[in-house]
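Notes follow the structure.
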Amino acid sequence: MSRVFNFSAGPGALPEPVLRQAAEEMLDWRGSGMSVMEMSHRGKEFVSIAAEAEADLRAILSVPDNYKVLFLQGGASGMFAGVPMNLLRGRARADYVNTGSWSKKAIAEAGKFCDVNVAAASPEGVLTIPPRDTWKLSDDAAYLHYCPNETISGVEFHWVPEVAAPLVADMSSTILSRPIDVSKFGLIYAGAQKNVGPAGVTLVIVRDDLIGEALPGTPTVWDFKVQADAGSMSNTPPTYAWYVAGLVFKWIREQGGLDAMAERNRRKVETLYRAIDASDFYSNPVDPDCRSWMNVPFVLADSSLDKTFLAEARDAGLVTLAGHRSVGGMRASLYNAMPQEGVDRLVEFMADFERRNG
Ligand code: PMP
């Protein structure tokens with residue numbers, strides 16, 4: 001068996017010890033005689049798996065007691081609707097910040113439920129974040145939504161906005177990459193398939209005073225209060241994805257928690273950005289103040305070499321480096337499971353490719 005270094009933006013690489021443990025426990029989870037996939041979600045085995053995963057996540061993120069942690073379905077895209085359905089609470093307007101493709105999708109979906117005030121937007125084609133003092137907030141916004149890390153363009157907030165309305169963050173591609181102060185947020189959501197676990201489970205962390213007033217017509221499975229009261233089991237939850245997420249949380253704790261993740265991630269991105277900046281052959285188009293730690297897009301000076309670059313990288317065991325289909329070029333996603341060695345190998349490959357083609 002030979003495993004590659006997988007730079008996919010998601011579903012992305014998972015820590016190898018997690019995959020090994022899942023494999024070991026596949027047919028018989030700890031003497032139960034069953035795979036986790038075969039367990040009733042109401043049985044004591046799965047209930048214990050679920051509770052332990054939640055406890056580990058709460059410990060890793062230091063989630064305050066007045067926040068609910070939900071393990072839902074529907075992906076982050078589902079939450080583009082779930083957020084307004086749950087957080088409008090009788091208000092007609094919400095503020096959104098537009099810093100890229102995922103912000104735009106969230107804005108479009110929210111527009112089905114309320115009046116969306118785009119409080120700030122990155123200028124078209126400029127990969128930056130509008131400064132906080134230029135944002136035009138509304139007085140009556142139910143919440144302010146932003147995307148701390150735009151997975152496609154690699155634009156990341158390295159600060160948390162201060163606003164009066166509850167802060168809502170789509171953390172799909174940045175959650176668990178470093179410590180965050182959960183108490184600054186009204187609601188955090190994230191699709192799992194980057195730093196959390198397999199696709200299929202969606203995390204929602206929500207302050208408990210914000211739930212309980214869902215819009216009439218909200219599907220029961222996306223009523224955060226109903227799900228909070230039911231321990232995310234108002235219907236069958238994505239049990240296997242939840243279990244693997246729990247193994248990932250344990251792995252993060254064993255590695256030293258989010259401080260350790262942050263240190264490793266910082267070193268990885270510094271390695272890659274330094275290599276890109278030192279060369280005329282590669283470039284990164286993002287404002288240096290908002291360069292992502294998780295998704296690093298870069299382009300070759302001569303785009304006619306893109307296909308050769310990708311094919312030769314693949315032969316070198318470095319895969320899924322193509323940029324998002326909407327932007328082209330390259331993108332290296334460096335989620336928690338990507339070891340420093342993978343980035344070192346990528347940087348060596350890039351230097352060698354440049355020597356041969358530059
Ligand atoms: N938001 C962000 C920041 C994302 O990166 C993605 C997926 N790449 C989504 C939302 C959509 O997630 P899902 O496919 O889980 O609905």
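Please note that chains go A, B, ... in the order of the structure tokens, that every chain numbers its residues from 1, and that ligands are numbered from 1 in the order shown.
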- Find the residues around Ala199 in chain A up to 10 Å (only C-alpha atoms counted), leave out those fewer than 3 positions away in its own chain, and share them as a PyMOL selection string. chain A and resi 10-12+73-75+191-194+196+202+238+241-242+245
- Item | Surrounding residues of Trp293 in chain A excluding itself and chain neighbours under 6 positions, 9 Å, only C-alpha atoms, as a PyMOL selection string | chain A and resi 149+154+156+174+177+265-266+268-270+333-335
Let's have the selection written as a PDB file, in the first residue's frame, with C-alpha atoms.
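Writing the result to part.pdb gives the following:
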ATOM      1  CA  ASN A 149     -11.933  31.216   5.289  1.00  0.00           C
ATOM      2  CA  GLY A 154      -7.726  31.249  -0.070  1.00  0.00           C
ATOM      3  CA  GLU A 156      -8.840  34.162   5.420  1.00  0.00           C
ATOM      4  CA  THR A 174     -10.868  26.680   9.064  1.00  0.00           C
ATOM      5  CA  SER A 177      -6.989  24.756  12.516  1.00  0.00           C
ATOM      6  CA  ASN A 265      -0.269  24.724  10.457  1.00  0.00           C
ATOM      7  CA  ARG A 266       1.697  27.956  10.755  1.00  0.00           C
ATOM      8  CA  LYS A 268       3.360  24.396   6.937  1.00  0.00           C
ATOM      9  CA  VAL A 269       1.952  27.551   5.372  1.00  0.00           C
ATOM     10  CA  GLU A 270       5.147  29.484   6.005  1.00  0.00           C
ATOM     11  CA  SER A 333      -5.059  22.570   0.904  1.00  0.00           C
ATOM     12  CA  LEU A 334      -3.092  22.041   4.086  1.00  0.00           C
ATOM     13  CA  TYR A 335      -5.651  20.768   6.556  1.00  0.00           C
TER      14      TYR A 335
END
- Message: Quick one: residues within 7 Å of Leu321 in chain A, only C-alpha atoms, excluding same-chain residues fewer than 5 positions away - as a ChimeraX atom specification?
- Response: /A:7-8,310,330-332
Restricting the output to C-alpha atoms, write the selected residues as a PDB file, in the first residue's frame.
ATOM      1  CA  PHE A   7      -3.968  18.311  -1.074  1.00  0.00           C
ATOM      2  CA  SER A   8      -7.716  18.102  -1.708  1.00  0.00           C
ATOM      3  CA  LEU A 310      -0.317  18.381 -12.236  1.00  0.00           C
ATOM      4  CA  MET A 330      -3.307  25.319  -8.452  1.00  0.00           C
ATOM      5  CA  ARG A 331      -4.492  25.038  -4.901  1.00  0.00           C
ATOM      6  CA  ALA A 332      -2.804  23.188  -2.060  1.00  0.00           C
TER       7      ALA A 332
END
- Could you name the residues that touch Ile188 in chain A at 6 Å or less, counting only C-alpha atoms, but leaving out those on the same chain fewer than 4 positions away, as a PyMOL selection string? chain A and resi 168-169+204-205
Report as JSON lines: every residue of chain A with an atom at most 6 Å from ligand 1, its closest pair of atoms, and their distance in Å to one decimal, counting only C-alpha atoms and all ligand atoms, with rows sorted by chain and ascending residue number.
{"residue": "A:Gly75", "atom": "CA", "partner": "ligand 1", "partner_atom_place_in_ligand_line": "15 (O)", "distance": 3.5}
{"residue": "A:Ala76", "atom": "CA", "partner": "ligand 1", "partner_atom_place_in_ligand_line": "16 (O)", "distance": 4.0}
{"residue": "A:Ser77", "atom": "CA", "partner": "ligand 1", "partner_atom_place_in_ligand_line": "16 (O)", "distance": 3.6}
{"residue": "A:Trp102", "atom": "CA", "partner": "ligand 1", "partner_atom_place_in_ligand_line": "1 (N)", "distance": 5.1}
{"residue": "A:Glu150", "atom": "CA", "partner": "ligand 1", "partner_atom_place_in_ligand_line": "3 (C)", "distance": 5.2}
{"residue": "A:Thr151", "atom": "CA", "partner": "ligand 1", "partner_atom_place_in_ligand_line": "5 (O)", "distance": 4.6}
{"residue": "A:Asp170", "atom": "CA", "partner": "ligand 1", "partner_atom_place_in_ligand_line": "1 (N)", "distance": 5.9}
{"residue": "A:Ser172", "atom": "CA", "partner": "ligand 1", "partner_atom_place_in_ligand_line": "3 (C)", "distance": 4.8}
{"residue": "A:Ser173", "atom": "CA", "partner": "ligand 1", "partner_atom_place_in_ligand_line": "5 (O)", "distance": 5.3}
{"residue": "A:Gly191", "atom": "CA", "partner": "ligand 1", "partner_atom_place_in_ligand_line": "15 (O)", "distance": 4.4}
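Across A:Tyr146, A:Phe309, A:Phe71, A:Tyr273, the tightest approach to Phe353 in chain A is made by A:Phe309 when counting only C-alpha atoms.
Candidate residues A:Gln227, A:Thr320, A:Gln255, A:Asn66 were compared for distance to Gly186 in chain A, and the nearest is A:Asn66, using only C-alpha atoms.
Close contacts of Cys290 in chain A, defined as residues with an atom at most 12 Å away when counting only C-alpha atoms, with chain neighbours fewer than 4 positions off set aside, comprise Thr99, Ser122, Val126, Leu127, Thr128, Ile129, Pro130, Pro131, Pro148, Asn149, Glu150, Ser153, Gly154, Val155, Glu156, Phe157, His158, Trp159, Asn284, Pro285, Val286, Met294, Asn295 and Val296 of chain A.
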Please, could you write that set of residues out with N, CA and C atoms as a CSV table (one decimal), in the first residue's frame?
chain,number,residue,atom,x,y,z
A,99,THR,N,-16.8,37.9,0.9
A,99,THR,CA,-15.4,37.9,0.6
A,99,THR,C,-15.1,36.8,-0.4
A,122,SER,N,-15.6,42.3,-0.9
A,122,SER,CA,-14.3,42.5,-1.5
A,122,SER,C,-14.6,43.0,-3.0
A,126,VAL,N,-10.6,41.1,-6.6
A,126,VAL,CA,-9.5,41.5,-5.7
A,126,VAL,C,-9.6,40.6,-4.5
A,127,LEU,N,-8.5,39.8,-4.2
A,127,LEU,CA,-8.6,38.8,-3.1
A,127,LEU,C,-8.1,39.5,-1.8
A,128,THR,N,-9.1,40.1,-1.2
A,128,THR,CA,-8.8,40.8,0.1
A,128,THR,C,-10.0,40.9,0.9
A,129,ILE,N,-9.9,41.5,2.1
A,129,ILE,CA,-11.1,41.6,3.0
A,129,ILE,C,-11.3,43.1,3.3
A,130,PRO,N,-12.5,43.6,3.0
A,130,PRO,CA,-12.7,45.0,3.3
A,130,PRO,C,-12.5,45.4,4.7
A,131,PRO,N,-11.8,46.4,5.0
A,131,PRO,CA,-11.5,46.8,6.4
A,131,PRO,C,-12.8,47.0,7.2
A,148,PRO,N,-15.1,33.0,7.5
A,148,PRO,CA,-13.7,33.3,8.0
A,148,PRO,C,-12.6,32.7,7.0
A,149,ASN,N,-12.9,31.7,6.3
A,149,ASN,CA,-11.9,31.2,5.3
A,149,ASN,C,-12.6,30.8,4.0
A,150,GLU,N,-12.3,31.6,3.0
A,150,GLU,CA,-12.9,31.2,1.6
A,150,GLU,C,-12.0,30.2,1.0
A,153,SER,N,-10.8,30.8,-2.9
A,153,SER,CA,-9.8,31.8,-3.2
A,153,SER,C,-8.6,31.9,-2.2
A,154,GLY,N,-8.8,31.2,-1.1
A,154,GLY,CA,-7.7,31.2,-0.1
A,154,GLY,C,-7.6,32.6,0.6
A,155,VAL,N,-8.8,33.2,0.9
A,155,VAL,CA,-8.8,34.5,1.6
A,155,VAL,C,-9.3,34.2,3.0
A,156,GLU,N,-8.5,34.5,4.0
A,156,GLU,CA,-8.8,34.2,5.4
A,156,GLU,C,-8.8,35.4,6.3
A,157,PHE,N,-9.8,35.5,7.2
A,157,PHE,CA,-9.7,36.5,8.3
A,157,PHE,C,-8.7,36.0,9.3
A,158,HIS,N,-7.8,36.9,9.7
A,158,HIS,CA,-6.9,36.6,10.8
A,158,HIS,C,-7.4,37.4,12.0
A,159,TRP,N,-8.6,37.8,12.0
A,159,TRP,CA,-9.2,38.6,13.1
A,159,TRP,C,-10.7,38.3,13.2
A,284,ASN,N,1.1,33.8,-5.7
A,284,ASN,CA,-0.1,33.7,-4.9
A,284,ASN,C,-0.8,35.0,-5.0
A,285,PRO,N,-2.1,35.0,-5.5
A,285,PRO,CA,-2.8,36.3,-5.8
A,285,PRO,C,-3.5,37.0,-4.6
A,286,VAL,N,-3.3,36.4,-3.4
A,286,VAL,CA,-4.1,37.0,-2.3
A,286,VAL,C,-3.3,38.0,-1.5
A,294,MET,N,-5.2,27.4,5.3
A,294,MET,CA,-5.7,26.1,5.0
A,294,MET,C,-5.7,25.8,3.5
A,295,ASN,N,-5.9,26.9,2.7
A,295,ASN,CA,-6.1,26.7,1.2
A,295,ASN,C,-5.2,27.7,0.5
A,296,VAL,N,-4.1,27.2,-0.1
A,296,VAL,CA,-3.2,28.1,-0.7
A,296,VAL,C,-3.3,28.0,-2.3
DSSP on the backbone, then: every residue of range 124-345 of chain A marked alpha helix (DSSP H), written as a short mmCIF file (atom, residue, chain, number, x, y, z; two decimals) with N, CA, C and O atoms, in the first residue's frame.
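And here's states38.cif as it stands now:
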data_model
loop_
_atom_site.label_atom_id
_atom_site.label_comp_id
_atom_site.auth_asym_id
_atom_site.auth_seq_id
_atom_site.Cartn_x
_atom_site.Cartn_y
_atom_site.Cartn_z
N PHE A 224 -32.98 24.05 15.10
CA PHE A 224 -31.85 23.82 16.00
C PHE A 224 -32.29 23.55 17.44
O PHE A 224 -31.63 22.83 18.17
N LYS A 225 -33.42 24.13 17.83
CA LYS A 225 -33.91 23.91 19.20
C LYS A 225 -34.39 22.45 19.34
O LYS A 225 -34.06 21.77 20.31
N VAL A 226 -35.15 22.00 18.33
CA VAL A 226 -35.63 20.61 18.36
C VAL A 226 -34.42 19.67 18.41
O VAL A 226 -34.36 18.74 19.23
N GLN A 227 -33.43 19.94 17.57
CA GLN A 227 -32.26 19.05 17.52
C GLN A 227 -31.44 19.15 18.81
O GLN A 227 -30.91 18.15 19.29
N ALA A 228 -31.36 20.36 19.37
CA ALA A 228 -30.60 20.51 20.63
C ALA A 228 -31.29 19.70 21.73
O ALA A 228 -30.63 18.97 22.49
N ASP A 229 -32.61 19.79 21.80
CA ASP A 229 -33.34 19.06 22.84
C ASP A 229 -33.24 17.55 22.65
O ASP A 229 -33.35 16.79 23.60
N THR A 239 -24.43 8.53 11.72
CA THR A 239 -23.72 7.88 12.83
C THR A 239 -22.24 7.62 12.52
O THR A 239 -21.38 7.87 13.36
N TYR A 240 -21.97 7.08 11.34
CA TYR A 240 -20.57 6.70 11.09
C TYR A 240 -19.67 7.93 10.98
O TYR A 240 -18.56 7.97 11.52
N ALA A 241 -20.17 8.97 10.32
CA ALA A 241 -19.38 10.20 10.18
C ALA A 241 -19.14 10.84 11.56
O ALA A 241 -18.06 11.37 11.85
N TRP A 242 -20.13 10.77 12.40
CA TRP A 242 -20.04 11.31 13.76
C TRP A 242 -18.94 10.56 14.55
O TRP A 242 -18.11 11.15 15.23
N TYR A 243 -18.97 9.22 14.39
CA TYR A 243 -17.96 8.38 15.06
C TYR A 243 -16.54 8.73 14.58
O TYR A 243 -15.63 8.92 15.40
N VAL A 244 -16.37 8.84 13.27
CA VAL A 244 -15.01 9.15 12.77
C VAL A 244 -14.59 10.55 13.22
O VAL A 244 -13.44 10.77 13.59
N ALA A 245 -15.55 11.49 13.23
CA ALA A 245 -15.23 12.82 13.74
C ALA A 245 -14.73 12.72 15.18
O ALA A 245 -13.76 13.37 15.57
N GLY A 246 -15.36 11.85 15.95
CA GLY A 246 -14.93 11.64 17.34
C GLY A 246 -13.49 11.13 17.40
O GLY A 246 -12.71 11.56 18.26
N LEU A 247 -13.13 10.24 16.47
CA LEU A 247 -11.73 9.75 16.45
C LEU A 247 -10.78 10.90 16.10
O LEU A 247 -9.67 11.00 16.64
N VAL A 248 -11.22 11.78 15.20
CA VAL A 248 -10.39 12.94 14.83
C VAL A 248 -10.20 13.85 16.06
O VAL A 248 -9.10 14.32 16.33
N PHE A 249 -11.27 14.06 16.81
CA PHE A 249 -11.16 14.94 18.00
C PHE A 249 -10.15 14.34 19.00
O PHE A 249 -9.34 15.06 19.58
N LYS A 250 -10.21 13.03 19.18
CA LYS A 250 -9.25 12.36 20.09
C LYS A 250 -7.83 12.56 19.57
O LYS A 250 -6.90 12.83 20.34
N TRP A 251 -7.67 12.40 18.27
CA TRP A 251 -6.34 12.56 17.67
C TRP A 251 -5.82 13.98 17.91
O TRP A 251 -4.67 14.18 18.30
N ILE A 252 -6.70 14.97 17.75
CA ILE A 252 -6.27 16.36 17.98
C ILE A 252 -5.84 16.54 19.44
O ILE A 252 -4.81 17.15 19.73
N ARG A 253 -6.61 15.96 20.35
CA ARG A 253 -6.24 16.08 21.77
C ARG A 253 -4.88 15.43 22.02
O ARG A 253 -4.04 15.98 22.73
N GLU A 254 -4.67 14.26 21.42
CA GLU A 254 -3.39 13.57 21.62
C GLU A 254 -2.22 14.36 21.05
O GLU A 254 -1.10 14.28 21.54
N GLN A 255 -2.48 15.11 20.00
CA GLN A 255 -1.41 15.91 19.37
C GLN A 255 -1.08 17.17 20.18
O GLN A 255 -0.16 17.89 19.84
N GLY A 257 -3.85 19.39 21.13
CA GLY A 257 -4.97 20.33 21.00
C GLY A 257 -4.73 21.38 19.92
O GLY A 257 -3.86 21.23 19.07
N LEU A 258 -5.52 22.43 20.00
CA LEU A 258 -5.51 23.41 18.90
C LEU A 258 -4.26 24.30 18.91
O LEU A 258 -3.87 24.82 17.87
N ASP A 259 -3.62 24.45 20.06
CA ASP A 259 -2.34 25.20 20.05
C ASP A 259 -1.33 24.44 19.20
O ASP A 259 -0.60 25.04 18.40
N ALA A 260 -1.30 23.14 19.38
CA ALA A 260 -0.36 22.33 18.59
C ALA A 260 -0.74 22.35 17.11
O ALA A 260 0.13 22.46 16.24
N MET A 261 -2.05 22.28 16.82
CA MET A 261 -2.49 22.35 15.41
C MET A 261 -2.04 23.68 14.80
O MET A 261 -1.55 23.72 13.68
N ALA A 262 -2.23 24.75 15.56
CA ALA A 262 -1.88 26.08 15.04
C ALA A 262 -0.39 26.17 14.74
O ALA A 262 0.02 26.69 13.69
N GLU A 263 0.41 25.62 15.63
CA GLU A 263 1.87 25.69 15.43
C GLU A 263 2.28 24.91 14.18
O GLU A 263 3.06 25.38 13.35
N ARG A 264 1.70 23.72 14.05
CA ARG A 264 2.02 22.90 12.86
C ARG A 264 1.52 23.57 11.59
O ARG A 264 2.20 23.59 10.56
N ASN A 265 0.31 24.11 11.66
CA ASN A 265 -0.27 24.72 10.46
C ASN A 265 0.51 25.97 10.05
O ASN A 265 0.73 26.22 8.86
N ARG A 266 0.93 26.75 11.06
CA ARG A 266 1.70 27.96 10.76
C ARG A 266 3.01 27.59 10.04
O ARG A 266 3.38 28.18 9.05
N ARG A 267 3.65 26.53 10.54
CA ARG A 267 4.92 26.13 9.93
C ARG A 267 4.70 25.65 8.49
O ARG A 267 5.46 25.97 7.58
N LYS A 268 3.63 24.92 8.29
CA LYS A 268 3.36 24.40 6.94
C LYS A 268 3.11 25.53 5.95
O LYS A 268 3.69 25.56 4.86
N VAL A 269 2.26 26.48 6.34
CA VAL A 269 1.95 27.55 5.37
C VAL A 269 3.16 28.45 5.15
O VAL A 269 3.38 28.92 4.04
N GLU A 270 3.95 28.65 6.21
CA GLU A 270 5.15 29.48 6.01
C GLU A 270 6.07 28.82 5.00
O GLU A 270 6.64 29.48 4.14
N THR A 271 6.20 27.51 5.11
CA THR A 271 7.05 26.78 4.15
C THR A 271 6.57 27.02 2.73
O THR A 271 7.36 27.34 1.83
N LEU A 272 5.26 26.91 2.52
CA LEU A 272 4.74 27.01 1.16
C LEU A 272 4.74 28.45 0.64
O LEU A 272 5.19 28.72 -0.48
N TYR A 273 4.27 29.40 1.46
CA TYR A 273 4.25 30.79 0.97
C TYR A 273 5.68 31.30 0.72
O TYR A 273 5.92 32.04 -0.22
N ARG A 274 6.63 30.87 1.59
CA ARG A 274 8.02 31.32 1.40
C ARG A 274 8.51 30.83 0.04
O ARG A 274 9.14 31.58 -0.72
N ALA A 275 8.21 29.58 -0.29
CA ALA A 275 8.66 29.02 -1.57
C ALA A 275 8.02 29.77 -2.74
O ALA A 275 8.68 30.09 -3.74
N ILE A 276 6.74 30.08 -2.61
CA ILE A 276 6.04 30.77 -3.69
C ILE A 276 6.62 32.18 -3.85
O ILE A 276 6.93 32.63 -4.97
N ASP A 277 6.81 32.88 -2.73
CA ASP A 277 7.26 34.28 -2.80
C ASP A 277 8.71 34.40 -3.27
O ASP A 277 9.10 35.42 -3.84
N ASP A 306 0.38 24.09 -16.80
CA ASP A 306 -0.45 23.59 -15.68
C ASP A 306 -0.65 22.08 -15.73
O ASP A 306 -0.49 21.38 -14.73
N LYS A 307 -1.02 21.59 -16.92
CA LYS A 307 -1.35 20.15 -17.03
C LYS A 307 -0.12 19.29 -16.74
O LYS A 307 -0.21 18.28 -16.05
N THR A 308 1.04 19.74 -17.25
CA THR A 308 2.27 18.98 -17.01
C THR A 308 2.60 19.00 -15.52
O THR A 308 2.99 17.98 -14.94
N PHE A 309 2.44 20.18 -14.91
CA PHE A 309 2.72 20.30 -13.47
C PHE A 309 1.88 19.29 -12.69
O PHE A 309 2.39 18.54 -11.86
N LEU A 310 0.59 19.26 -12.99
CA LEU A 310 -0.32 18.38 -12.24
C LEU A 310 0.01 16.90 -12.47
O LEU A 310 -0.01 16.11 -11.53
N ALA A 311 0.33 16.57 -13.71
CA ALA A 311 0.61 15.16 -14.02
C ALA A 311 1.91 14.73 -13.33
O ALA A 311 1.98 13.65 -12.74
N GLU A 312 2.93 15.58 -13.39
CA GLU A 312 4.21 15.20 -12.77
C GLU A 312 4.08 15.18 -11.24
O GLU A 312 4.69 14.35 -10.57
N ALA A 313 3.28 16.10 -10.69
CA ALA A 313 3.06 16.10 -9.23
C ALA A 313 2.40 14.78 -8.84
O ALA A 313 2.79 14.14 -7.85
N ARG A 314 1.43 14.38 -9.63
CA ARG A 314 0.74 13.13 -9.33
C ARG A 314 1.71 11.96 -9.31
O ARG A 314 1.68 11.13 -8.41
N ASP A 315 2.60 11.94 -10.31
CA ASP A 315 3.59 10.85 -10.36
C ASP A 315 4.49 10.88 -9.14
O ASP A 315 5.03 9.85 -8.74
N GLN A 340 3.89 17.99 7.80
CA GLN A 340 4.94 18.89 7.28
C GLN A 340 5.67 18.22 6.12
O GLN A 340 6.02 18.87 5.14
N GLU A 341 5.88 16.91 6.22
CA GLU A 341 6.60 16.20 5.17
C GLU A 341 5.93 16.37 3.80
O GLU A 341 6.61 16.50 2.78
N GLY A 342 4.59 16.39 3.79
CA GLY A 342 3.88 16.56 2.52
C GLY A 342 4.18 17.92 1.92
O GLY A 342 4.36 18.06 0.70
N VAL A 343 4.24 18.93 2.76
CA VAL A 343 4.52 20.30 2.26
C VAL A 343 5.98 20.39 1.81
O VAL A 343 6.29 21.00 0.77
N ASP A 344 6.88 19.78 2.58
CA ASP A 344 8.30 19.79 2.19
C ASP A 344 8.46 19.12 0.82
O ASP A 344 9.19 19.62 -0.04
N ARG A 345 7.76 18.01 0.64
CA ARG A 345 7.85 17.30 -0.65
C ARG A 345 7.28 18.15 -1.78
O ARG A 345 7.82 18.19 -2.89
#
- Query: Could you name the residues that touch Ser326 in chain A at 10 Å or less, counting only C-alpha atoms, but leaving out those on the same chain fewer than 3 positions away, as a ChimeraX atom specification?
  - Reply: /A:101,152-153,323,329
